[in-house]
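Visitor: Just one file: model.cif, with mmCIF, C-alpha atoms and all ligand atoms.
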```
data_input
#
loop_
_atom_site.label_atom_id
_atom_site.label_comp_id
_atom_site.auth_asym_id
_atom_site.auth_seq_id
_atom_site.Cartn_x
_atom_site.Cartn_y
_atom_site.Cartn_z
CA MET A 23 -13.22 -25.85 21.49
CA ARG A 24 -10.71 -28.32 22.89
CA THR A 25 -9.76 -28.17 26.54
CA ARG A 26 -7.56 -30.50 28.53
CA PHE A 27 -6.68 -31.56 32.04
CA ALA A 28 -3.02 -32.48 32.37
CA PRO A 29 -2.20 -33.96 35.78
CA SER A 30 1.13 -35.48 36.77
CA PRO A 31 0.63 -38.98 38.21
CA THR A 32 2.75 -38.26 41.26
CA GLY A 33 0.09 -38.29 43.98
CA PRO A 34 -3.64 -38.18 44.62
CA LEU A 35 -5.85 -35.61 42.94
CA HIS A 36 -7.21 -33.11 45.44
CA LEU A 37 -9.98 -30.53 45.41
CA GLY A 38 -7.88 -28.08 43.36
CA HIS A 39 -7.46 -30.67 40.61
CA ALA A 40 -11.18 -31.44 40.70
CA PHE A 41 -11.91 -27.74 40.22
CA SER A 42 -9.52 -27.54 37.25
CA ALA A 43 -10.79 -30.70 35.58
CA LEU A 44 -14.47 -29.82 36.09
CA THR A 45 -13.97 -26.25 34.83
CA ALA A 46 -12.22 -27.50 31.67
CA PHE A 47 -14.80 -30.25 31.16
CA ASP A 48 -17.80 -27.95 31.62
CA MET A 49 -16.29 -25.35 29.30
CA ALA A 50 -15.89 -27.91 26.52
CA GLU A 51 -19.34 -29.42 27.10
CA ALA A 52 -21.06 -26.02 27.06
CA ALA A 53 -19.44 -25.22 23.70
CA GLY A 54 -20.08 -28.68 22.21
CA GLY A 55 -16.31 -29.17 22.18
CA THR A 56 -13.91 -31.86 23.38
CA PHE A 57 -12.24 -32.35 26.74
CA LEU A 58 -8.94 -34.27 26.72
CA LEU A 59 -6.97 -35.96 29.46
CA ARG A 60 -3.17 -35.85 29.23
CA ILE A 61 -0.82 -37.60 31.62
CA GLU A 62 2.27 -35.49 32.34
CA ASP A 63 4.66 -38.21 33.45
CA ILE A 64 8.06 -36.90 32.34
CA ASP A 65 9.33 -37.02 35.92
CA ARG A 66 10.07 -40.74 35.84
CA SER A 67 11.36 -40.73 39.41
CA ARG A 68 7.98 -39.64 40.77
CA ALA A 69 5.36 -40.82 38.26
CA ARG A 70 3.57 -44.08 39.18
CA PRO A 71 1.08 -46.15 37.14
CA GLU A 72 -1.08 -46.59 40.25
CA TRP A 73 -1.53 -42.82 40.53
CA GLU A 74 -2.51 -42.70 36.87
CA ALA A 75 -5.16 -45.37 37.49
CA GLN A 76 -6.39 -43.45 40.52
CA ILE A 77 -6.67 -40.26 38.44
CA GLU A 78 -8.89 -42.03 35.91
CA THR A 79 -11.08 -43.46 38.71
CA ASP A 80 -11.42 -40.03 40.35
CA LEU A 81 -12.30 -38.29 37.08
CA ALA A 82 -14.86 -40.95 36.18
CA TRP A 83 -16.43 -40.50 39.63
CA LEU A 84 -16.69 -36.78 38.87
CA ASP A 85 -18.71 -37.75 35.74
CA ILE A 86 -15.94 -36.47 33.50
CA ARG A 87 -15.56 -38.27 30.17
CA TRP A 88 -12.75 -38.04 27.64
CA PRO A 89 -11.95 -39.73 24.34
CA GLY A 90 -9.02 -42.14 24.04
CA PRO A 91 -6.23 -42.64 23.51
CA VAL A 92 -4.88 -40.62 26.42
CA ARG A 93 -1.63 -38.83 25.52
CA ARG A 94 1.15 -39.79 27.90
CA GLN A 95 4.19 -37.52 27.81
CA SER A 96 6.65 -40.36 28.33
CA ASP A 97 5.55 -41.67 24.89
CA HIS A 98 6.60 -38.45 23.16
CA LEU A 99 10.15 -37.76 24.29
CA ASP A 100 11.23 -37.72 20.64
CA ALA A 101 8.83 -34.84 19.90
CA TYR A 102 10.32 -32.81 22.76
CA ARG A 103 13.80 -33.60 21.48
CA ARG A 104 12.88 -32.33 18.02
CA ALA A 105 11.64 -29.05 19.51
CA LEU A 106 14.88 -28.73 21.49
CA GLN A 107 16.87 -29.44 18.33
CA THR A 108 15.08 -26.57 16.55
CA LEU A 109 15.86 -24.20 19.41
CA TRP A 110 19.46 -25.43 19.59
CA ASP A 111 20.00 -25.03 15.83
CA ARG A 112 18.80 -21.45 16.10
CA GLY A 113 21.23 -20.71 18.93
CA PHE A 114 18.64 -20.22 21.68
CA LEU A 115 19.94 -22.88 24.09
CA TYR A 116 23.06 -23.49 26.13
CA PRO A 117 24.08 -26.25 28.52
CA CYS A 118 24.20 -25.41 32.21
CA SER A 119 25.97 -27.30 34.94
CA CYS A 120 24.94 -25.14 37.89
CA SER A 121 23.44 -26.82 40.92
CA ARG A 122 20.71 -25.11 42.89
CA ARG A 123 23.36 -24.22 45.45
CA ASP A 124 25.64 -22.68 42.78
CA ILE A 125 22.79 -20.43 41.71
CA LEU A 126 21.96 -19.35 45.24
CA THR A 127 25.64 -18.65 45.94
CA ALA A 128 25.93 -16.53 42.76
CA LEU A 129 22.80 -14.65 43.74
CA ASP A 130 24.14 -14.04 47.21
CA ALA A 131 26.79 -11.74 45.77
CA PRO A 132 25.99 -8.28 47.18
CA GLN A 133 25.53 -6.59 43.80
CA GLU A 134 22.76 -8.98 42.77
CA GLY A 135 19.15 -8.35 43.76
CA VAL A 136 17.19 -11.61 43.73
CA THR A 137 14.11 -11.61 41.52
CA HIS A 138 11.81 -14.60 41.60
CA GLY A 139 10.48 -15.90 38.30
CA PRO A 140 8.12 -18.75 37.44
CA ASP A 141 10.75 -21.35 38.36
CA GLY A 142 12.30 -19.65 41.40
CA PRO A 143 15.19 -17.17 41.47
CA VAL A 144 15.95 -15.72 38.02
CA TYR A 145 19.12 -17.42 36.77
CA PRO A 146 22.20 -15.19 37.20
CA GLY A 147 23.68 -16.26 33.84
CA THR A 148 26.74 -18.10 35.16
CA CYS A 149 26.90 -20.62 32.27
CA ARG A 150 25.55 -18.32 29.54
CA PRO A 151 28.13 -18.31 26.71
CA ALA A 152 29.10 -15.17 24.80
CA ALA A 153 28.47 -16.90 21.47
CA PRO A 154 25.89 -19.67 20.86
CA PRO A 155 27.44 -23.11 21.39
CA SER A 156 28.07 -25.20 18.28
CA GLY A 157 28.09 -28.96 17.74
CA PRO A 158 25.34 -31.50 18.27
CA LEU A 159 22.51 -31.02 20.73
CA PRO A 160 23.92 -32.20 24.06
CA VAL A 161 22.36 -35.19 25.76
CA ASP A 162 22.60 -35.66 29.54
CA ALA A 163 22.88 -31.92 30.12
CA ALA A 164 20.52 -29.31 31.47
CA LEU A 165 19.70 -26.82 28.71
CA ARG A 166 18.66 -23.24 29.38
CA ILE A 167 17.11 -20.74 27.03
CA ASP A 168 19.22 -17.66 26.33
CA MET A 169 16.47 -15.14 26.98
CA ARG A 170 18.48 -12.29 25.48
CA LYS A 171 18.76 -14.13 22.17
CA ALA A 172 15.12 -15.18 22.28
CA VAL A 173 13.95 -11.62 22.90
CA GLN A 174 16.16 -10.34 20.07
CA ALA A 175 14.66 -12.91 17.72
CA ILE A 176 11.13 -11.81 18.60
CA ASP A 177 12.26 -8.26 17.85
CA GLY A 178 9.22 -6.06 18.12
CA LYS A 179 6.69 -8.78 17.22
CA SER A 180 3.89 -8.58 19.71
CA LEU A 181 4.02 -11.20 22.36
CA GLY A 182 0.72 -11.65 24.08
CA PHE A 183 -2.17 -13.97 24.73
CA THR A 184 -5.87 -13.92 25.42
CA GLU A 185 -6.84 -14.62 29.01
CA THR A 186 -10.39 -15.39 30.13
CA GLY A 187 -9.73 -16.16 33.81
CA PRO A 188 -11.22 -13.89 36.49
CA ARG A 189 -8.02 -12.21 37.62
CA HIS A 190 -6.36 -11.03 34.40
CA ALA A 191 -9.16 -11.18 31.80
CA GLY A 192 -8.33 -9.52 28.48
CA THR A 193 -5.29 -9.39 26.26
CA VAL A 194 -2.09 -9.87 28.22
CA HIS A 195 0.98 -8.24 26.64
CA LEU A 196 4.43 -9.50 27.54
CA SER A 197 7.25 -7.00 27.33
CA PRO A 198 10.83 -8.00 26.42
CA ASP A 199 11.87 -6.35 29.65
CA HIS A 200 9.59 -8.57 31.70
CA LEU A 201 10.99 -11.68 30.00
CA LEU A 202 14.56 -10.60 30.67
CA THR A 203 14.18 -9.50 34.26
CA HIS A 204 11.32 -11.61 35.61
CA VAL A 205 11.66 -14.86 33.66
CA GLY A 206 15.29 -15.09 32.53
CA ASP A 207 17.15 -18.14 31.27
CA VAL A 208 14.80 -20.88 32.45
CA VAL A 209 15.62 -24.58 32.04
CA LEU A 210 13.97 -26.16 28.98
CA ALA A 211 15.60 -29.57 29.33
CA ARG A 212 16.33 -31.01 32.73
CA ARG A 213 19.33 -33.27 32.83
CA ASP A 214 17.36 -36.13 34.40
CA MET A 215 14.37 -35.84 32.02
CA GLY A 216 15.74 -34.60 28.72
CA THR A 217 12.83 -32.16 28.62
CA SER A 218 10.87 -29.89 30.96
CA TYR A 219 7.30 -29.08 31.88
CA HIS A 220 7.46 -25.82 29.88
CA LEU A 221 8.70 -27.35 26.65
CA SER A 222 6.51 -30.47 26.78
CA VAL A 223 3.33 -28.59 27.59
CA CYS A 224 3.79 -26.32 24.52
CA VAL A 225 4.55 -29.22 22.18
CA ASP A 226 1.58 -31.21 23.52
CA ASP A 227 -0.99 -28.42 23.52
CA ALA A 228 -0.12 -27.83 19.86
CA ALA A 229 -0.05 -31.55 18.96
CA GLN A 230 -3.45 -32.06 20.60
CA GLU A 231 -4.84 -28.89 19.03
CA VAL A 232 -5.91 -27.55 22.41
CA THR A 233 -7.72 -24.24 21.94
CA HIS A 234 -8.32 -23.37 25.61
CA VAL A 235 -5.89 -24.09 28.42
CA VAL A 236 -7.64 -24.17 31.81
CA ARG A 237 -5.37 -24.28 34.87
CA GLY A 238 -4.73 -22.64 38.23
CA GLU A 239 -3.56 -19.08 38.77
CA ASP A 240 -0.29 -20.42 40.18
CA LEU A 241 0.74 -21.06 36.55
CA PHE A 242 -0.12 -17.59 35.25
CA ASP A 243 3.52 -16.43 35.33
CA ALA A 244 4.69 -19.55 33.50
CA THR A 245 2.43 -18.63 30.58
CA ALA A 246 4.99 -15.99 29.52
CA ILE A 247 7.47 -18.83 28.87
CA HIS A 248 4.86 -20.86 27.01
CA VAL A 249 3.81 -18.00 24.73
CA LEU A 250 7.45 -17.20 23.96
CA LEU A 251 8.13 -20.86 23.08
CA GLN A 252 5.05 -20.94 20.87
CA ARG A 253 6.45 -18.00 18.89
CA LEU A 254 9.95 -19.47 18.66
CA LEU A 255 8.63 -22.87 17.58
CA ASP A 256 5.96 -21.47 15.31
CA LEU A 257 3.11 -23.02 17.28
CA PRO A 258 -0.33 -21.49 17.79
CA SER A 259 -1.15 -19.90 21.15
CA PRO A 260 -4.30 -21.19 22.82
CA VAL A 261 -6.60 -19.00 24.90
CA TYR A 262 -5.69 -19.24 28.59
CA HIS A 263 -8.08 -19.45 31.52
CA HIS A 264 -6.28 -19.29 34.87
CA HIS A 265 -8.79 -20.03 37.59
CA ARG A 266 -8.77 -19.21 41.30
CA LEU A 267 -6.93 -21.60 43.58
CA ILE A 268 -8.76 -23.81 46.01
CA ARG A 269 -7.38 -23.35 49.50
CA ASP A 270 -7.74 -25.24 52.76
CA ALA A 271 -9.53 -23.84 55.80
CA ALA A 272 -6.33 -22.03 56.86
CA GLY A 273 -6.06 -20.35 53.44
CA ARG A 274 -3.12 -22.47 52.30
CA ARG A 275 -2.83 -23.83 48.76
CA LEU A 276 -3.53 -27.53 48.55
CA ALA A 277 -0.48 -29.64 47.85
CA LYS A 278 -0.26 -33.19 46.57
CA ARG A 279 1.47 -34.37 49.71
CA ASP A 280 -1.50 -33.14 51.72
CA ASP A 281 -3.82 -35.98 50.90
CA ALA A 282 -6.35 -34.80 53.49
CA ARG A 283 -8.21 -33.22 50.60
CA ALA A 284 -7.77 -36.11 48.17
CA ILE A 285 -10.87 -36.62 46.02
CA ALA A 286 -10.87 -40.31 46.96
CA ARG A 287 -11.41 -39.33 50.61
CA TYR A 288 -14.62 -37.50 49.79
CA ARG A 289 -15.81 -40.49 47.82
CA GLU A 290 -15.03 -42.84 50.69
CA ASP A 291 -16.86 -40.47 53.05
CA GLY A 292 -20.01 -41.03 50.98
CA LEU A 293 -20.18 -37.69 49.19
CA THR A 294 -21.46 -37.60 45.61
CA SER A 295 -19.79 -35.77 42.75
CA GLY A 296 -22.71 -33.30 42.95
CA ASP A 297 -21.81 -32.60 46.60
CA LEU A 298 -18.24 -31.94 45.54
CA ARG A 299 -19.37 -29.59 42.78
CA ALA A 300 -21.49 -27.70 45.30
CA ARG A 301 -18.55 -27.44 47.67
CA LEU A 302 -16.43 -26.00 44.84
CA GLY A 303 -19.13 -23.50 43.87
CA LEU A 304 -19.69 -25.19 40.49
CA SER A 305 -23.15 -25.78 39.13
CA ARG A 306 -24.32 -29.20 38.01
CA ALA A 307 -22.81 -30.75 34.94
CA PRO A 308 -24.54 -30.02 31.66
CA ALA A 309 -26.63 -33.03 30.57
CA PRO A 310 -24.59 -35.44 28.41
N1 LIG A 401 1.17 -31.20 34.92
C1 LIG A 401 0.92 -29.83 35.25
C2 LIG A 401 0.34 -29.75 36.66
O1 LIG A 401 -0.20 -30.74 37.13
C3 LIG A 401 -0.05 -29.25 34.26
C4 LIG A 401 -0.12 -27.78 34.26
C5 LIG A 401 -0.89 -27.24 33.07
O2 LIG A 401 -2.12 -27.47 33.03
O3 LIG A 401 -0.30 -26.66 32.18
O4 LIG A 401 0.46 -28.72 37.30
#
```
Here is a file; write its structure as structure tokens.
Guide:
Amino acid sequence: MRTRFAPSPTGPLHLGHAFSALTAFDMAEAAGGTFLLRIEDIDRSRARPEWEAQIETDLAWLDIRWPGPVRRQSDHLDAYRRALQTLWDRGFLYPCSCSRRDILTALDAPQEGVTHGPDGPVYPGTCRPAAPPSGPLPVDAALRIDMRKAVQAIDGKSLGFTETGPRHAGTVHLSPDHLLTHVGDVVLARRDMGTSYHLSVCVDDAAQEVTHVVRGEDLFDATAIHVLLQRLLDLPSPVYHHHRLIRDAAGRRLAKRDDARAIARYREDGLTSGDLRARLGLSRAPAP
């Protein structure tokens, strides 16, 4: 078993991250497997080395151990480009120049009902070409997946994954209809990054031979995109474990900007990692 924790170094880790990391670590330890740390720093405008250092300090304080070297996404932009090239060559991508405002304006048209997908409103298809674009893979352009083409290419092959999280445990089947209406043409390469969370996470989980992806329930809907990309890119699908979200006293999800629940705060307040485990309803770590 190989699990991973894949934070973005864009702010302090909070209780929700601790829950994710500890769940993934304990799962690997219990199975005699390996827990990996991956730094998801493709958003160069927000990622900071000091947050990365803080993440490592926080995880070490939680008695979490991982083997080196740590995979850093910014070191693998060429691998994401290769995956995009494959998708482009097969006619699954098209460039999009819509701004967020353009999309909202298009969706405001009275005949359109707005459906929300994993990345916000499902794209209305403004830039989708009738025929796949030819020529070299564009650089400096946002690239969307043509979900219609992708669904056609899957053509009847079963699209599903194994889920072990509390909410959706079992085999989850994804229907072509769901992908078309509730996911749509999501962005696979952002103009400013040359890649996206969805694409990078699939390439990395495969490259690191991750067998079990442990993450919060807020990412359950995004898994449809990941499983589709795994099929299109001929990558294995890991088992998914989407865990409950840790909320604040008012029942709100914890956000990075809300550093009131930063792990470092608990440490500074004199709590031990065992206290934090107890607070999260997790039993003690298995003996090393
Ligand atoms: N970097 C992502 C996050 O922090 C990772 C999500 C995942 O585990 O796939 O939300």
Visitor: All residues within 6 Å of ligand LIG 401 (chain A) are required, counting only C-alpha atoms and all ligand atoms; please report them as a count of residues only.
Guide: 5
Visitor: Box for stretch 196-213 of chain A: with edges along x, y and z, all listed atoms inside and 3 Å added on each side, what are the centre and edge lengths in Å to one decimal, as AutoDock Vina command-line options?
Guide:
```
--center_x 11.9 --center_y -19.8 --center_z 31.0 --size_x 20.9 --size_y 32.9 --size_z 15.2
```
Visitor: Go through A:Trp83, A:Asp168, A:Asp65, A:Asp240 one by one, measure the shortest atom-to-atom distance of each to A:Gly292 using only C-alpha atoms, and give the residue with the smallest value.
Guide: A:Trp83
Visitor: What separation in Å, quoted to one decimal, exists between atom CA of A:Gln230 and atom CA of A:Ala163?
Guide: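 Spanning atom CA of A:Gln230 to atom CA of A:Ala163 is a straight-line distance of 28.0 Å.
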Visitor: Taking only C-alpha atoms into account, which of A:Val261, A:Val249, A:Leu37, A:Ala211 comes nearest A:Gly187?
Guide: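 Closest to A:Gly187, using only C-alpha atoms: A:Val261.
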Visitor: What is the atom CA of A:Trp110-atom CA of A:Arg166 distance in Å, reported with one decimal?
Guide: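 Atom CA of A:Trp110 sits 10.1 Å away from atom CA of A:Arg166.
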Visitor: Of the candidates A:Gly90, A:Gly238, A:Gly147, A:Gly273, which one gets nearest to A:Glu78 if we count only C-alpha atoms?
Guide: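 Checking each of A:Gly90, A:Gly238, A:Gly147, A:Gly273 against A:Glu78, counting only C-alpha atoms, the winner is A:Gly90.
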Visitor: For A:Arg87, which residue out of A:Asp243, A:Asp124, A:Asp111, A:Asp48 is the nearest one, using all atoms listed in the file?
Guide: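 For A:Arg87, the nearest of the given residues is A:Asp48.
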Visitor: Can you tell me how far atom CA of A:Val235 sits from atom CA of A:His263, in Å to one decimal?
Guide: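 Going from atom CA of A:Val235 over to atom CA of A:His263 covers 6.0 Å.
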Visitor: Taking all atoms listed in the file into account, which of A:His248, A:Arg283, A:Lys179, A:Arg212 comes nearest A:Arg103?
Guide: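 Ranking A:His248, A:Arg283, A:Lys179, A:Arg212 by distance to A:Arg103, first place goes to A:Arg212.
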Visitor: Mind listing whatever residues come within 8 Å of the point (7.8, -15.6, 20.5)? Use only C-alpha atoms, file coordinates, and give them as an MDAnalysis selection string.
Guide: chainID A and resid 172:173 175:176 179 181 249:255
Visitor: Given the selection you just returned, output its residues as a file containing C-alpha atoms, formatted as a compact mmCIF listing (two decimals), keeping the file's coordinate frame.
Guide:
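Result saved to result_2.txt:
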```txt
# COMPACT_ATOMS: atom_id res chain seq x y z
CA ALA A 172 15.12 -15.18 22.28
CA VAL A 173 13.95 -11.62 22.90
CA ALA A 175 14.66 -12.91 17.72
CA ILE A 176 11.13 -11.81 18.60
CA LYS A 179 6.69 -8.78 17.22
CA LEU A 181 4.02 -11.20 22.36
CA VAL A 249 3.81 -18.00 24.73
CA LEU A 250 7.45 -17.20 23.96
CA LEU A 251 8.13 -20.86 23.08
CA GLN A 252 5.05 -20.94 20.87
CA ARG A 253 6.45 -18.00 18.89
CA LEU A 254 9.95 -19.47 18.66
CA LEU A 255 8.63 -22.87 17.58
```
Visitor: Leaving out A:Leu115 and any residue of its chain fewer than 2 positions from it, which residues lie within 9 Å of it when counting all atoms listed in the file, given as a list in words?
Guide: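 Answer for this query is Leu106, Leu109, Trp110, Asp111, Arg112, Gly113, Pro117, Pro154, Pro155, Leu165, Arg166, Ile167, Asp168, Met169 and Leu210 of chain A.
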Visitor: From the set A:Ala101, A:Cys149, A:Leu298, A:Leu59, which residue has the shortest atom-to-atom contact distance to A:Ser121, counting all atoms listed in the file?
Guide: A:Cys149
Visitor: Would you kindly place N, CA and C atoms on stretch 43-68 of chain A and return the model as an mmCIF file, keeping the file's coordinate frame?
Guide:
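Below is the file that was written, selection.cif:
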```cif
data_model
loop_
_atom_site.group_PDB
_atom_site.id
_atom_site.type_symbol
_atom_site.label_atom_id
_atom_site.label_comp_id
_atom_site.auth_asym_id
_atom_site.auth_seq_id
_atom_site.Cartn_x
_atom_site.Cartn_y
_atom_site.Cartn_z
ATOM 1 N N ALA A 43 -10.261 -29.723 36.549
ATOM 2 C CA ALA A 43 -10.790 -30.700 35.580
ATOM 3 C C ALA A 43 -12.251 -30.393 35.274
ATOM 4 N N LEU A 44 -13.042 -30.095 36.312
ATOM 5 C CA LEU A 44 -14.470 -29.820 36.090
ATOM 6 C C LEU A 44 -14.654 -28.529 35.290
ATOM 7 N N THR A 45 -13.852 -27.514 35.572
ATOM 8 C CA THR A 45 -13.970 -26.250 34.830
ATOM 9 C C THR A 45 -13.657 -26.482 33.350
ATOM 10 N N ALA A 46 -12.596 -27.228 33.074
ATOM 11 C CA ALA A 46 -12.220 -27.500 31.670
ATOM 12 C C ALA A 46 -13.279 -28.363 30.994
ATOM 13 N N PHE A 47 -13.791 -29.355 31.729
ATOM 14 C CA PHE A 47 -14.800 -30.250 31.160
ATOM 15 C C PHE A 47 -16.090 -29.488 30.847
ATOM 16 N N ASP A 48 -16.544 -28.703 31.815
ATOM 17 C CA ASP A 48 -17.800 -27.950 31.620
ATOM 18 C C ASP A 48 -17.674 -26.957 30.472
ATOM 19 N N MET A 49 -16.503 -26.337 30.358
ATOM 20 C CA MET A 49 -16.290 -25.350 29.300
ATOM 21 C C MET A 49 -16.425 -26.025 27.928
ATOM 22 N N ALA A 50 -15.812 -27.183 27.793
ATOM 23 C CA ALA A 50 -15.890 -27.910 26.520
ATOM 24 C C ALA A 50 -17.320 -28.376 26.254
ATOM 25 N N GLU A 51 -17.969 -28.915 27.275
ATOM 26 C CA GLU A 51 -19.340 -29.420 27.100
ATOM 27 C C GLU A 51 -20.276 -28.291 26.676
ATOM 28 N N ALA A 52 -20.157 -27.145 27.348
ATOM 29 C CA ALA A 52 -21.060 -26.020 27.060
ATOM 30 C C ALA A 52 -20.896 -25.538 25.620
ATOM 31 N N ALA A 53 -19.696 -25.701 25.064
ATOM 32 C CA ALA A 53 -19.440 -25.220 23.700
ATOM 33 C C ALA A 53 -19.581 -26.354 22.676
ATOM 34 N N GLY A 54 -19.993 -27.532 23.125
ATOM 35 C CA GLY A 54 -20.080 -28.680 22.210
ATOM 36 C C GLY A 54 -18.695 -29.110 21.738
ATOM 37 N N GLY A 55 -17.695 -28.861 22.559
ATOM 38 C CA GLY A 55 -16.310 -29.170 22.180
ATOM 39 C C GLY A 55 -15.825 -30.487 22.779
ATOM 40 N N THR A 56 -14.519 -30.603 22.905
ATOM 41 C CA THR A 56 -13.910 -31.860 23.380
ATOM 42 C C THR A 56 -13.010 -31.568 24.580
ATOM 43 N N PHE A 57 -13.112 -32.430 25.569
ATOM 44 C CA PHE A 57 -12.240 -32.350 26.740
ATOM 45 C C PHE A 57 -11.249 -33.512 26.647
ATOM 46 N N LEU A 58 -9.968 -33.219 26.812
ATOM 47 C CA LEU A 58 -8.940 -34.270 26.720
ATOM 48 C C LEU A 58 -8.246 -34.466 28.070
ATOM 49 N N LEU A 59 -7.816 -35.678 28.292
ATOM 50 C CA LEU A 59 -6.970 -35.960 29.460
ATOM 51 C C LEU A 59 -5.558 -36.230 28.947
ATOM 52 N N ARG A 60 -4.576 -35.610 29.587
ATOM 53 C CA ARG A 60 -3.170 -35.850 29.230
ATOM 54 C C ARG A 60 -2.408 -36.186 30.503
ATOM 55 N N ILE A 61 -1.580 -37.193 30.444
ATOM 56 C CA ILE A 61 -0.820 -37.600 31.620
ATOM 57 C C ILE A 61 0.604 -37.055 31.499
ATOM 58 N N GLU A 62 0.966 -36.160 32.407
ATOM 59 C CA GLU A 62 2.270 -35.490 32.340
ATOM 60 C C GLU A 62 3.265 -36.241 33.236
ATOM 61 N N ASP A 63 3.841 -37.280 32.663
ATOM 62 C CA ASP A 63 4.660 -38.210 33.450
ATOM 63 C C ASP A 63 6.135 -38.163 33.069
ATOM 64 N N ILE A 64 6.643 -36.967 32.726
ATOM 65 C CA ILE A 64 8.060 -36.900 32.340
ATOM 66 C C ILE A 64 8.993 -37.067 33.536
ATOM 67 N N ASP A 65 8.485 -36.824 34.733
ATOM 68 C CA ASP A 65 9.330 -37.020 35.920
ATOM 69 C C ASP A 65 9.249 -38.494 36.309
ATOM 70 N N ARG A 66 10.139 -39.281 35.676
ATOM 71 C CA ARG A 66 10.070 -40.740 35.840
ATOM 72 C C ARG A 66 10.347 -41.163 37.269
ATOM 73 N N SER A 67 11.034 -40.324 38.039
ATOM 74 C CA SER A 67 11.360 -40.730 39.410
ATOM 75 C C SER A 67 10.138 -40.617 40.319
ATOM 76 N N ARG A 68 9.137 -39.842 39.898
ATOM 77 C CA ARG A 68 7.980 -39.640 40.770
ATOM 78 C C ARG A 68 6.673 -40.180 40.203
#
```
